[in-house]
>>> print(open('structure_31.tsv').read())   # TSV, C-alpha atoms and all ligand atoms
chain	number	residue	atom	x	y	z
A	1	MET	CA	0.05	5.17	23.51
A	2	ASN	CA	0.52	7.75	20.76
A	3	LEU	CA	0.88	6.31	17.29
A	4	LEU	CA	2.00	8.43	14.36
A	5	VAL	CA	0.62	6.86	11.18
A	6	THR	CA	1.81	8.33	7.89
A	7	GLY	CA	-0.18	8.09	4.65
A	8	ALA	CA	-3.34	6.94	6.39
A	9	ALA	CA	-5.70	8.89	4.12
A	10	GLY	CA	-4.77	6.30	1.49
A	11	PHE	CA	-5.96	2.76	0.87
A	12	ILE	CA	-3.99	0.58	3.31
A	13	GLY	CA	-3.12	3.15	5.99
A	14	SER	CA	-6.78	4.14	6.42
A	15	ALA	CA	-7.78	0.47	6.74
A	16	TYR	CA	-5.09	0.10	9.40
A	17	VAL	CA	-6.37	3.12	11.37
A	18	ARG	CA	-9.98	1.89	11.14
A	19	MET	CA	-8.86	-1.50	12.46
A	20	LEU	CA	-6.85	0.04	15.31
A	21	LEU	CA	-9.64	2.33	16.42
A	22	ALA	CA	-12.23	-0.46	16.26
A	23	ALA	CA	-9.99	-2.76	18.33
A	24	GLY	CA	-8.85	0.10	20.56
A	25	ALA	CA	-12.44	0.90	21.49
A	26	ALA	CA	-12.76	-2.57	22.94
A	27	GLN	CA	-9.30	-2.92	24.46
A	28	ASP	CA	-7.69	0.37	25.32
A	29	ASN	CA	-10.33	2.39	27.14
A	30	GLY	CA	-9.44	5.49	25.22
A	31	VAL	CA	-5.69	5.31	25.96
A	32	LEU	CA	-4.87	4.91	22.29
A	33	ARG	CA	-4.18	8.13	20.37
A	34	VAL	CA	-3.58	8.11	16.62
A	35	THR	CA	-2.11	11.00	14.67
A	36	VAL	CA	-2.31	10.70	10.90
A	37	LEU	CA	0.17	12.67	8.81
A	38	ASP	CA	-0.85	12.77	5.16
A	39	SER	CA	-0.34	15.40	2.47
A	40	LEU	CA	-3.52	14.37	0.62
A	41	THR	CA	-2.04	13.70	-2.79
A	42	TYR	CA	-4.42	12.49	-5.54
A	43	ALA	CA	-4.39	9.12	-3.70
A	44	GLY	CA	-5.42	10.42	-0.27
A	45	SER	CA	-8.98	11.16	0.80
A	46	LEU	CA	-10.41	12.36	4.10
A	47	ASP	CA	-13.50	10.28	3.33
A	48	ASN	CA	-11.39	7.27	4.29
A	49	LEU	CA	-11.13	8.36	7.93
A	50	ASP	CA	-13.66	8.96	10.70
A	51	LEU	CA	-12.53	12.42	11.76
A	52	SER	CA	-15.22	12.59	14.44
A	53	ASP	CA	-13.34	10.01	16.53
A	54	PRO	CA	-11.74	11.96	19.41
A	55	ARG	CA	-8.78	9.55	19.49
A	56	LEU	CA	-7.83	10.52	15.95
A	57	THR	CA	-5.96	13.69	14.95
A	58	PHE	CA	-5.45	14.42	11.28
A	59	VAL	CA	-2.56	16.62	10.17
A	60	GLN	CA	-2.33	17.57	6.53
A	61	GLY	CA	1.37	17.75	5.78
A	62	ASP	CA	4.32	16.34	3.92
A	63	ILE	CA	6.63	13.69	5.35
A	64	CYS	CA	9.51	15.66	3.77
A	65	ASP	CA	8.66	18.70	5.95
A	66	ALA	CA	11.35	18.23	8.61
A	67	PRO	CA	10.11	20.86	11.15
A	68	LEU	CA	6.54	19.47	11.01
A	69	VAL	CA	7.74	15.88	11.24
A	70	ASP	CA	9.96	16.82	14.18
A	71	GLN	CA	7.05	18.42	16.01
A	72	LEU	CA	4.81	15.38	15.52
A	73	MET	CA	7.55	12.90	16.34
A	74	ALA	CA	8.12	14.61	19.70
A	75	GLN	CA	4.66	13.39	20.73
A	76	ALA	CA	4.87	9.91	19.18
A	77	ASP	CA	5.65	6.64	20.96
A	78	GLN	CA	5.60	4.57	17.78
A	79	VAL	CA	5.45	5.14	14.02
A	80	ILE	CA	3.71	3.15	11.31
A	81	HIS	CA	4.94	4.46	7.97
A	82	PHE	CA	2.63	3.93	4.98
A	83	ALA	CA	3.02	7.23	3.11
A	84	ALA	CA	4.39	6.70	-0.38
A	85	GLU	CA	3.89	7.31	-4.03
A	86	SER	CA	2.56	3.85	-4.86
A	87	HIS	CA	1.68	3.40	-8.53
A	88	VAL	CA	4.27	1.77	-10.83
A	89	ASP	CA	2.88	3.35	-14.02
A	90	ARG	CA	3.25	6.84	-12.56
A	91	SER	CA	6.86	6.06	-11.57
A	92	ILE	CA	7.58	5.08	-15.18
A	93	ALA	CA	6.06	8.37	-16.42
A	94	SER	CA	8.09	10.37	-13.87
A	95	ALA	CA	10.16	9.19	-10.92
A	96	ASP	CA	10.65	12.57	-9.16
A	97	ALA	CA	7.87	12.31	-6.62
A	98	PHE	CA	8.81	8.69	-5.91
A	99	VAL	CA	12.37	9.52	-4.94
A	100	ARG	CA	11.27	12.57	-2.96
A	101	THR	CA	8.49	10.98	-0.94
A	102	ASN	CA	9.63	7.38	-0.73
A	103	VAL	CA	13.31	8.00	-0.09
A	104	THR	CA	13.74	11.54	1.29
A	105	GLY	CA	10.43	11.39	3.17
A	106	THR	CA	11.39	8.13	4.85
A	107	GLN	CA	14.81	9.52	5.78
A	108	THR	CA	13.17	12.63	7.27
A	109	LEU	CA	10.94	10.43	9.42
A	110	LEU	CA	13.80	8.16	10.49
A	111	ASP	CA	15.99	11.10	11.54
A	112	ALA	CA	13.19	12.57	13.63
A	113	ALA	CA	12.37	9.15	15.12
A	114	LEU	CA	15.99	8.82	16.17
A	115	ARG	CA	16.11	12.32	17.65
A	116	HIS	CA	13.02	11.71	19.69
A	117	ASN	CA	13.89	8.17	20.65
A	118	VAL	CA	10.60	6.62	19.48
A	119	ASP	CA	10.30	3.07	20.68
A	120	ARG	CA	9.20	1.47	17.40
A	121	PHE	CA	9.20	2.32	13.68
A	122	VAL	CA	7.30	-0.01	11.36
A	123	HIS	CA	8.23	0.58	7.73
A	124	VAL	CA	5.70	-0.74	5.21
A	125	SER	CA	7.58	-2.04	2.17
A	126	THR	CA	6.59	-4.31	-0.72
A	127	ASP	CA	7.37	-7.66	-2.36
A	128	GLU	CA	8.34	-5.68	-5.49
A	129	VAL	CA	11.75	-4.92	-3.89
A	130	TYR	CA	12.80	-8.53	-4.64
A	131	GLY	CA	12.19	-8.04	-8.37
A	132	SER	CA	10.80	-10.64	-10.74
A	133	VAL	CA	10.90	-14.19	-9.38
A	134	GLU	CA	11.08	-16.88	-12.05
A	135	SER	CA	10.45	-19.82	-9.74
A	136	GLY	CA	10.13	-20.47	-6.02
A	137	SER	CA	9.55	-17.70	-3.49
A	138	ARG	CA	11.83	-15.07	-1.97
A	139	THR	CA	12.63	-15.19	1.74
A	140	GLU	CA	13.60	-12.21	3.86
A	141	GLN	CA	17.29	-13.17	3.46
A	142	ASP	CA	17.23	-12.92	-0.33
A	143	PRO	CA	18.87	-9.89	-1.96
A	144	LEU	CA	16.77	-7.03	-3.31
A	145	ASP	CA	16.63	-6.64	-7.08
A	146	PRO	CA	14.01	-4.01	-7.88
A	147	ASN	CA	13.17	-3.13	-11.49
A	148	SER	CA	10.68	-0.24	-11.68
A	149	PRO	CA	11.48	3.23	-10.34
A	150	TYR	CA	8.68	2.65	-7.79
A	151	ALA	CA	10.24	-0.61	-6.58
A	152	ALA	CA	13.73	0.94	-6.56
A	153	SER	CA	12.53	3.86	-4.43
A	154	LYS	CA	10.84	1.42	-2.02
A	155	ALA	CA	13.98	-0.74	-1.87
A	156	ALA	CA	16.03	2.38	-1.06
A	157	SER	CA	13.69	3.35	1.77
A	158	ASP	CA	13.47	-0.23	3.05
A	159	LEU	CA	17.29	-0.50	3.25
A	160	LEU	CA	17.58	2.99	4.70
A	161	ALA	CA	15.14	2.03	7.46
A	162	LEU	CA	17.14	-1.12	8.24
A	163	SER	CA	20.36	0.91	8.25
A	164	TYR	CA	18.97	3.09	11.07
A	165	HIS	CA	18.57	-0.07	13.10
A	166	ARG	CA	22.04	-1.39	12.33
A	167	THR	CA	23.80	1.97	12.64
A	168	HIS	CA	21.84	3.70	15.38
A	169	GLY	CA	19.99	0.89	17.14
A	170	LEU	CA	16.56	2.37	16.26
A	171	ASP	CA	13.83	-0.29	16.63
A	172	VAL	CA	12.86	-0.58	12.97
A	173	ARG	CA	10.68	-3.41	11.66
A	174	VAL	CA	10.08	-3.81	7.93
A	175	THR	CA	7.12	-5.53	6.30
A	176	ARG	CA	7.18	-6.60	2.63
A	177	CYS	CA	3.75	-7.52	1.40
A	178	SER	CA	2.19	-8.62	-1.85
A	179	ASN	CA	-0.59	-6.94	-3.87
A	180	ASN	CA	-3.44	-5.72	-1.70
A	181	TYR	CA	-7.08	-5.56	-2.68
A	182	GLY	CA	-10.24	-4.41	-0.93
A	183	PRO	CA	-12.49	-1.36	-0.56
A	184	ARG	CA	-11.19	2.20	-0.95
A	185	GLN	CA	-8.28	1.39	-3.26
A	186	PHE	CA	-7.69	4.24	-5.69
A	187	PRO	CA	-9.26	3.34	-9.07
A	188	GLU	CA	-5.97	3.30	-10.97
A	189	LYS	CA	-4.85	-0.10	-9.65
A	190	ILE	CA	-6.00	-3.16	-11.55
A	191	ILE	CA	-8.84	-4.45	-9.35
A	192	PRO	CA	-10.66	-1.13	-8.70
A	193	LEU	CA	-9.84	0.14	-12.20
A	194	PHE	CA	-11.38	-2.91	-13.81
A	195	LEU	CA	-14.37	-3.10	-11.44
A	196	THR	CA	-15.30	0.56	-11.79
A	197	THR	CA	-14.80	0.53	-15.55
A	198	LEU	CA	-16.87	-2.63	-16.00
A	199	LEU	CA	-19.57	-1.26	-13.69
A	200	ASP	CA	-19.83	1.64	-16.16
A	201	GLY	CA	-19.99	-0.78	-19.10
A	202	GLY	CA	-16.53	0.20	-20.40
A	203	ASP	CA	-13.59	-1.80	-21.77
A	204	VAL	CA	-10.62	-2.70	-19.60
A	205	PRO	CA	-6.96	-2.66	-20.75
A	206	LEU	CA	-4.92	-5.83	-20.21
A	207	TYR	CA	-1.14	-5.50	-20.43
A	208	GLY	CA	0.84	-7.71	-22.85
A	209	ASP	CA	-0.02	-11.41	-22.87
A	210	GLY	CA	-1.70	-11.11	-19.45
A	211	LEU	CA	0.51	-13.85	-18.00
A	212	ASN	CA	2.30	-11.73	-15.39
A	213	ARG	CA	1.64	-13.34	-12.01
A	214	ARG	CA	0.92	-11.67	-8.67
A	215	ASP	CA	0.03	-12.80	-5.16
A	216	TRP	CA	-3.14	-11.24	-3.71
A	217	LEU	CA	-3.72	-10.20	-0.12
A	218	HIS	CA	-6.88	-8.71	1.39
A	219	VAL	CA	-6.12	-5.30	2.88
A	220	GLU	CA	-7.59	-6.32	6.27
A	221	ASP	CA	-5.27	-9.34	6.43
A	222	HIS	CA	-2.37	-7.05	5.61
A	223	CYS	CA	-3.35	-4.64	8.40
A	224	ALA	CA	-3.74	-7.50	10.90
A	225	ALA	CA	-0.26	-8.72	9.92
A	226	ILE	CA	1.25	-5.24	10.38
A	227	GLU	CA	-0.31	-5.13	13.84
A	228	LEU	CA	1.29	-8.51	14.67
A	229	VAL	CA	4.65	-7.08	13.61
A	230	ARG	CA	4.15	-3.83	15.54
A	231	ALA	CA	3.08	-5.58	18.71
A	232	GLY	CA	5.13	-8.79	18.62
A	233	GLY	CA	7.89	-8.48	16.01
A	234	SER	CA	11.57	-7.91	16.66
A	235	ALA	CA	13.79	-4.90	16.08
A	236	GLY	CA	15.75	-4.99	12.82
A	237	ARG	CA	13.69	-7.86	11.43
A	238	VAL	CA	11.99	-8.06	8.03
A	239	TYR	CA	8.64	-9.84	7.61
A	240	ASN	CA	7.21	-11.03	4.28
A	241	ILE	CA	3.39	-10.96	4.17
A	242	SER	CA	1.54	-12.77	1.40
A	243	GLY	CA	-2.06	-13.75	0.77
A	244	GLY	CA	-1.19	-17.14	-0.75
A	245	ILE	CA	-3.33	-16.54	-3.84
A	246	GLU	CA	-1.21	-16.43	-6.99
A	247	LEU	CA	-2.98	-15.52	-10.22
A	248	SER	CA	-1.97	-14.38	-13.68
A	249	ASN	CA	-3.50	-11.08	-14.72
A	250	ARG	CA	-5.51	-13.05	-17.25
A	251	GLU	CA	-6.96	-15.27	-14.54
A	252	LEU	CA	-7.67	-12.24	-12.38
A	253	THR	CA	-9.37	-10.49	-15.30
A	254	GLY	CA	-11.59	-13.56	-15.81
A	255	ARG	CA	-12.70	-13.36	-12.18
A	256	LEU	CA	-13.36	-9.63	-12.37
A	257	LEU	CA	-15.39	-10.05	-15.56
A	258	ALA	CA	-17.42	-12.79	-13.89
A	259	ALA	CA	-18.02	-10.65	-10.78
A	260	CYS	CA	-19.38	-7.84	-12.99
A	261	GLY	CA	-21.40	-10.10	-15.31
A	262	ALA	CA	-19.16	-8.99	-18.22
A	263	ASP	CA	-17.25	-10.99	-20.84
A	264	TRP	CA	-13.98	-11.00	-22.79
A	265	THR	CA	-15.36	-8.67	-25.48
A	266	GLN	CA	-14.82	-5.93	-22.87
A	267	VAL	CA	-11.07	-6.59	-22.65
A	268	ARG	CA	-8.67	-4.55	-24.76
A	269	HIS	CA	-5.13	-5.91	-25.15
A	270	VAL	CA	-2.61	-3.07	-24.78
A	271	PRO	CA	1.20	-3.04	-25.18
A	272	ASP	CA	3.01	-4.34	-22.15
A	273	ARG	CA	4.23	-2.04	-19.37
A	274	LYS	CA	7.94	-1.16	-19.75
A	275	GLY	CA	10.11	-3.50	-17.68
A	276	HIS	CA	7.03	-5.36	-16.47
A	277	ASP	CA	8.04	-7.88	-13.78
A	278	ARG	CA	6.81	-11.34	-14.74
A	279	ARG	CA	6.14	-12.75	-11.31
A	280	TYR	CA	6.35	-11.82	-7.64
A	281	SER	CA	6.41	-14.46	-4.96
A	282	ILE	CA	7.37	-14.30	-1.30
A	283	ASP	CA	7.75	-16.94	1.38
A	284	CYS	CA	5.95	-15.93	4.55
A	285	THR	CA	7.02	-18.81	6.80
A	286	ARG	CA	8.55	-16.33	9.25
A	287	MET	CA	5.24	-14.48	9.76
A	288	ARG	CA	3.44	-17.77	10.26
A	289	THR	CA	5.87	-19.48	12.59
A	290	GLU	CA	7.09	-16.50	14.62
A	291	LEU	CA	3.95	-14.37	14.79
A	292	GLY	CA	1.11	-16.84	14.13
A	293	TYR	CA	-0.04	-15.03	10.97
A	294	SER	CA	-2.57	-16.56	8.64
A	295	PRO	CA	-4.84	-14.65	6.25
A	296	ARG	CA	-8.53	-14.76	7.20
A	297	HIS	CA	-10.07	-13.77	3.85
A	298	ASP	CA	-10.43	-16.29	1.05
A	299	PHE	CA	-10.03	-14.64	-2.33
A	300	GLU	CA	-13.45	-15.55	-3.70
A	301	SER	CA	-15.47	-13.95	-0.91
A	302	GLY	CA	-12.95	-11.10	-0.52
A	303	LEU	CA	-13.34	-10.24	-4.19
A	304	ALA	CA	-17.14	-10.54	-4.02
A	305	GLU	CA	-17.20	-8.13	-1.04
A	306	THR	CA	-14.85	-5.75	-2.86
A	307	PHE	CA	-17.07	-5.81	-5.95
A	308	ALA	CA	-20.13	-5.11	-3.77
A	309	TRP	CA	-18.34	-2.20	-2.11
A	310	TYR	CA	-17.48	-0.52	-5.43
A	311	ARG	CA	-20.99	-1.21	-6.75
A	312	ASP	CA	-22.55	0.42	-3.67
A	313	ASN	CA	-20.12	3.33	-3.20
A	314	ARG	CA	-20.09	5.26	-6.45
A	315	ASP	CA	-20.04	8.45	-4.37
A	316	TRP	CA	-16.53	7.52	-3.27
A	317	TRP	CA	-14.93	6.65	-6.62
A	318	GLU	CA	-16.79	8.63	-9.26
A	319	PRO	CA	-15.33	12.01	-8.19
A	320	LEU	CA	-11.83	10.46	-8.06
A	321	LYS	CA	-12.13	9.16	-11.62
A	322	ARG	CA	-13.57	12.48	-12.82
A	323	ARG	CA	-10.76	14.42	-11.13
A	324	GLN	CA	-8.17	12.06	-12.59
A	325	SER	CA	-9.32	12.46	-16.15
A	326	ALA	CA	-9.65	16.24	-15.79
A	327	GLY	CA	-6.44	17.09	-13.90
A	328	PRO	CA	-3.12	17.85	-15.60
A	329	THR	CA	-1.12	14.95	-14.13
A	330	GLY	CA	-4.06	12.60	-13.80
A	331	GLY	CA	-4.95	13.22	-17.42
A	332	ALA	CA	-1.40	12.39	-18.49
A	333	ALA	CA	-1.50	9.19	-16.48
A	334	LEU	CA	-4.84	8.22	-17.94
A	335	ARG	CA	-3.65	8.69	-21.49
A	336	ARG	CA	-1.15	5.91	-20.81
A	337	PRO	CA	-2.52	2.40	-21.15
A	338	LEU	CA	-3.55	1.82	-17.57
A	339	GLY	CA	-4.05	-1.81	-16.69
A	340	GLY	CA	-1.57	-1.34	-14.03
A	341	LEU	CA	-0.83	-3.60	-11.17
A	342	PRO	CA	-0.98	-2.38	-7.63
A	343	ALA	CA	2.43	-1.44	-6.51
B	1	LIG	N1	-1.31	-1.23	-2.53
B	1	LIG	C1	-0.56	-2.32	-2.51
B	1	LIG	O1	-0.92	-3.36	-3.08
B	1	LIG	C2	0.75	-2.33	-1.76
B	1	LIG	C3	1.48	-3.52	-1.74
B	1	LIG	C4	2.69	-3.54	-1.03
B	1	LIG	C5	3.12	-2.41	-0.34
B	1	LIG	N2	2.39	-1.26	-0.39
B	1	LIG	C6	2.89	-0.10	0.36
B	1	LIG	O2	1.90	0.23	1.32
B	1	LIG	C7	1.89	1.65	1.55
B	1	LIG	C8	0.49	2.19	1.36
B	1	LIG	O3	0.06	1.87	0.03
B	1	LIG	P1	-1.39	2.30	-0.48
B	1	LIG	O4	-1.77	1.36	-1.55
B	1	LIG	O5	-2.30	2.54	0.67
B	1	LIG	O6	-1.02	3.71	-1.14
B	1	LIG	P2	-1.98	4.91	-1.55
B	1	LIG	O7	-1.36	5.48	-2.77
B	1	LIG	O8	-3.40	4.50	-1.57
B	1	LIG	O9	-1.82	5.93	-0.34
B	1	LIG	C9	-0.65	6.66	-0.11
B	1	LIG	C10	-0.97	7.78	0.87
B	1	LIG	O10	0.26	8.49	1.15
B	1	LIG	C11	0.00	9.87	1.08
B	1	LIG	N3	1.23	10.55	0.69
B	1	LIG	C12	1.88	10.47	-0.50
B	1	LIG	N4	2.96	11.27	-0.49
B	1	LIG	C13	3.01	11.84	0.73
B	1	LIG	C14	3.90	12.76	1.36
B	1	LIG	N5	4.98	13.26	0.71
B	1	LIG	N6	3.66	13.14	2.63
B	1	LIG	C15	2.58	12.67	3.29
B	1	LIG	N7	1.69	11.83	2.75
B	1	LIG	C16	1.91	11.41	1.48
B	1	LIG	C17	-1.10	10.03	0.06
B	1	LIG	O11	-1.82	11.24	0.19
B	1	LIG	C18	-1.96	8.80	0.32
B	1	LIG	O12	-2.95	9.08	1.30
B	1	LIG	C19	2.91	2.22	0.57
B	1	LIG	O13	4.11	2.44	1.28
B	1	LIG	C20	3.09	1.15	-0.48
B	1	LIG	O14	4.38	1.18	-1.05
B	1	LIG	C21	1.22	-1.20	-1.10
>>> encode(input="structure_31.tsv", output="C-alpha cells", more="lines below")
Ligand SMILES: NC(=O)c1ccc[n+]([C@@H]2O[C@H](COP(=O)([O-])OP(=O)(O)OC[C@H]3O[C@@H](n4cnc5c(N)ncnc54)[C@H](O)[C@@H]3O)[C@@H](O)[C@H]2O)c1
Amino acid sequence: MNLLVTGAAGFIGSAYVRMLLAAGAAQDNGVLRVTVLDSLTYAGSLDNLDLSDPRLTFVQGDICDAPLVDQLMAQADQVIHFAAESHVDRSIASADAFVRTNVTGTQTLLDAALRHNVDRFVHVSTDEVYGSVESGSRTEQDPLDPNSPYAASKAASDLLALSYHRTHGLDVRVTRCSNNYGPRQFPEKIIPLFLTTLLDGGDVPLYGDGLNRRDWLHVEDHCAAIELVRAGGSAGRVYNISGGIELSNRELTGRLLAACGADWTQVRHVPDRKGHDRRYSIDCTRMRTELGYSPRHDFESGLAETFAWYRDNRDWWEPLKRRQSAGPTGGAALRRPLGGLPA
C-alpha cells in the first residue's frame, strides 16, 4: 500500500510515520510504502524522519503545487493530510499563509485525490473548529464556530473535505483532536516553549489570568487514533479525539514548573491573546464505542517523558530557537508575547 502523508516533517505527522514504519516492519513485510510531502517551513525538520528507511520517500514540496500533488497522487492509494500552518499566534499576526496552506492546499489535495480515485483521504482537523465551549463537550454533530484565523482556516478545510465526500463520494474521514504534547513539538507551543525556556533558566509568559482550559492528548495516542480511523473508520464520518485531561493554563504551568524544578517567580503575566478561546472540550464517545479508542498515556508520565526528551535533546531544539529569534518572521513572532497554546 502506498500512503501519501503530508506535513510529516512536523510534530504529529512525523510521529505518525514513525509509528507506521515501526508497526509496518512487524506486519507488512515491506509492502508498506510511505511518501512524505512537506515544504519544510520553519516548523518542519528532516531530523524528525528516518530517511534511511527504504520504505520512506521524502519529497520537499508545497501542497498548493498542483502539478506536483497530481504526480504524487497518481501513485497513492491513501492520503493522510497533516500539512498545515498550525500556530494560532502566527495566524493573528498574519493569516495569509493559513488561508493558502490550510484552505487552498487542502483543496489542491482533494481535487487530485478525486482525479486519481484514491481509496481513502484522512483529513486531520482540530477541536478548535468548535470554538470556545462554556460547559459540556462538543460532539461531532455540533456546529462549527471557530474564532481565530487558524481555527477558521481549519474549519474551512474540514468542511471542504467533507463536501468532497458529500458531493463527489470521495472517501474522506475527518479527525478533530485536542491539544497534543510530546517530543519534537516546535518550541513555540506552550509545553515545549515553557520546558525549553525553563531548562535555560528563563522566564515563561502566561497569557491573561491563565484560566483558559484545554484538553491534552499525547501525540502517540493521537497517531494511534488516526490509524484506527484510517483502517476502520467510515467514509464521510467525523471523529473527535481527546486525551481526557483538562487543565487550565495555570495548572499546566504549575506542572511544567515542577517538572523543571522551577517556581512561580519564573512566570511573567502577559496581556491575553486577542480573541483567546476560554475552553475547548470534545466528546469522544464515537471513537471509543465505534473504534475501541482509549488513550494509553497518562498525563503525568507522558509529561515526565516529554520533559526528559527536551532535557536530553538540546541538539534538536536549540538551533530551532536560535533560527526563530534571528529570522525575519520568526523574530516578529517572538517579539509578540508567546505563551501560546498549541493549535
Ligand atoms: N499540535 C496540535 O496540538 C494539534 C491539535 C489538533 C490538530 N492539529 C493539526 O494536526 C496537523 C499537524 O500539526 P502539527 O502540530 O504537527 O504541525 P507542525 O506545525 O508541527 O507541522 C506542520 C508541517 O506541515 C508542513 N507544511 C506547512 N505548510 C506546508 C505546505 N504548504 N506544503 C507542504 N507542507 C507544509 C510544515 O513544514 C510542517 O512540517 C495540523 O493539520 C494541525 O492543524 C494539531
>>> closest_residue(input="structure_31.tsv", among="A:Ala9, A:Leu56, A:Ala151, A:Ile80", to="A:Gly275", atoms="all atoms listed in the file")
A:Ala151
>>> closest_residue(input="structure_31.tsv", among="A:Val129, A:Leu4, A:Val69, A:Leu37", to="A:Leu144", atoms="all atoms listed in the file")
A:Val129
>>> residues_around(input="structure_31.tsv", residues="stretch 289-294 of chain A", least_positions_apart="5", cutoff="9 Å", atoms="all atoms listed in the file", output="ChimeraX atom specification")
/A:221,224-225,228-229,232-233,241,243,284
>>> closest_residue(input="structure_31.tsv", among="A:Val31, A:Cys177, A:Leu217, A:Ile245", to="A:Lys154", atoms="only C-alpha atoms")
A:Cys177
>>> residues_near_point(input="structure_31.tsv", point="(-22.4, -0.5, -6.9)", cutoff="12 Å", atoms="all atoms listed in the file", output="PyMOL selection string")
chain A and resi 183+192+195-200+259-260+304-318
>>> residues_near_ligand(input="structure_31.tsv", ligand="ligand LIG 1 (chain B)", cutoff="7 Å", atoms="only C-alpha atoms and all ligand atoms", output="ChimeraX atom specification")
/A:6-13,37-45,61-64,82-87,101,105,124-127,154,176-181,185-186,342-343
>>> atom_distance(input="structure_31.tsv", atom1="atom CA of A:Arg184", atom2="atom CA of A:Pro205")
20.8 Å
>>> residues_near_point(input="structure_31.tsv", point="(-12.3, 7.2, 13.6)", cutoff="9 Å", atoms="all atoms listed in the file", output="compact mmCIF listing (two decimals) with C-alpha atoms, keeping the file's coordinate frame")
# COMPACT_ATOMS: atom_id res chain seq x y z
CA VAL A 17 -6.37 3.12 11.37
CA ARG A 18 -9.98 1.89 11.14
CA LEU A 21 -9.64 2.33 16.42
CA ALA A 22 -12.23 -0.46 16.26
CA LEU A 49 -11.13 8.36 7.93
CA ASP A 50 -13.66 8.96 10.70
CA LEU A 51 -12.53 12.42 11.76
CA SER A 52 -15.22 12.59 14.44
CA ASP A 53 -13.34 10.01 16.53
CA PRO A 54 -11.74 11.96 19.41
CA ARG A 55 -8.78 9.55 19.49
CA LEU A 56 -7.83 10.52 15.95
>>> closest_residue(input="structure_31.tsv", among="A:Thr253, A:Ser148, A:Gln324, A:Asn240", to="A:Leu211", atoms="all atoms listed in the file")
A:Thr253
>>> closest_residue(input="structure_31.tsv", among="A:Leu109, A:Val59, A:Ala235, A:Ala155", to="A:Asp171", atoms="only C-alpha atoms")
A:Ala235
>>> axis_aligned_box(input="structure_31.tsv", around="stretch 186-205 of chain A", padding_each_side="5 Å", output="JSON")
{"center_x": -12.4, "center_y": -0.1, "center_z": -13.7, "size_x": 25.1, "size_y": 18.7, "size_z": 26.1}
>>> atom_distance(input="structure_31.tsv", atom1="atom CA of A:Val99", atom2="atom CA of A:His81")
15.7 Å
>>> closest_residue(input="structure_31.tsv", among="A:Leu160, A:Val238, A:Pro295, A:Gly201", to="A:Ala262", atoms="all atoms listed in the file")
A:Gly201
>>> atom_distance(input="structure_31.tsv", atom1="atom CA of A:Ser157", atom2="atom CA of A:Val103")
5.0 Å
>>> residues_around(input="structure_31.tsv", residues="stretch 136-142 of chain A", least_positions_apart="5", cutoff="10 Å", atoms="all atoms listed in the file", output="MDAnalysis selection string")
chainID A and resid 127 130:131 174:176 237:240 279:286
>>> write_last_selection(input="structure_31.tsv", atoms="C-alpha atoms", output="PDB file, in the frame of the given file")
ATOM      1  CA  ASP A 127       7.370  -7.660  -2.360  1.00  0.00           C
ATOM      2  CA  TYR A 130      12.800  -8.530  -4.640  1.00  0.00           C
ATOM      3  CA  GLY A 131      12.190  -8.040  -8.370  1.00  0.00           C
ATOM      4  CA  VAL A 174      10.080  -3.810   7.930  1.00  0.00           C
ATOM      5  CA  THR A 175       7.120  -5.530   6.300  1.00  0.00           C
ATOM      6  CA  ARG A 176       7.180  -6.600   2.630  1.00  0.00           C
ATOM      7  CA  ARG A 237      13.690  -7.860  11.430  1.00  0.00           C
ATOM      8  CA  VAL A 238      11.990  -8.060   8.030  1.00  0.00           C
ATOM      9  CA  TYR A 239       8.640  -9.840   7.610  1.00  0.00           C
ATOM     10  CA  ASN A 240       7.210 -11.030   4.280  1.00  0.00           C
ATOM     11  CA  ARG A 279       6.140 -12.750 -11.310  1.00  0.00           C
ATOM     12  CA  TYR A 280       6.350 -11.820  -7.640  1.00  0.00           C
ATOM     13  CA  SER A 281       6.410 -14.460  -4.960  1.00  0.00           C
ATOM     14  CA  ILE A 282       7.370 -14.300  -1.300  1.00  0.00           C
ATOM     15  CA  ASP A 283       7.750 -16.940   1.380  1.00  0.00           C
ATOM     16  CA  CYS A 284       5.950 -15.930   4.550  1.00  0.00           C
ATOM     17  CA  THR A 285       7.020 -18.810   6.800  1.00  0.00           C
ATOM     18  CA  ARG A 286       8.550 -16.330   9.250  1.00  0.00           C
TER      19      ARG A 286
END
>>> build_atoms(input="structure_31.tsv", residues="stretch 57-65 of chain A", atoms="N, CA and C atoms", output="tab-separated table (two decimals), in the frame of the given file")
chain	number	residue	atom	x	y	z
A	57	THR	N	-6.31	12.33	15.38
A	57	THR	CA	-5.96	13.69	14.95
A	57	THR	C	-5.42	13.60	13.54
A	58	PHE	N	-5.96	14.42	12.65
A	58	PHE	CA	-5.45	14.42	11.28
A	58	PHE	C	-4.61	15.67	11.05
A	59	VAL	N	-3.43	15.49	10.52
A	59	VAL	CA	-2.56	16.62	10.17
A	59	VAL	C	-2.26	16.53	8.68
A	60	GLN	N	-2.68	17.56	7.96
A	60	GLN	CA	-2.33	17.57	6.53
A	60	GLN	C	-0.92	18.12	6.39
A	61	GLY	N	-0.01	17.29	5.91
A	61	GLY	CA	1.37	17.75	5.78
A	61	GLY	C	2.21	16.71	5.09
A	62	ASP	N	3.42	17.14	4.74
A	62	ASP	CA	4.32	16.34	3.92
A	62	ASP	C	5.35	15.65	4.82
A	63	ILE	N	5.62	14.38	4.55
A	63	ILE	CA	6.63	13.69	5.35
A	63	ILE	C	8.05	14.22	5.08
A	64	CYS	N	8.21	15.04	4.03
A	64	CYS	CA	9.51	15.66	3.77
A	64	CYS	C	9.67	16.98	4.54
A	65	ASP	N	8.62	17.43	5.22
A	65	ASP	CA	8.66	18.70	5.95
A	65	ASP	C	9.28	18.44	7.33
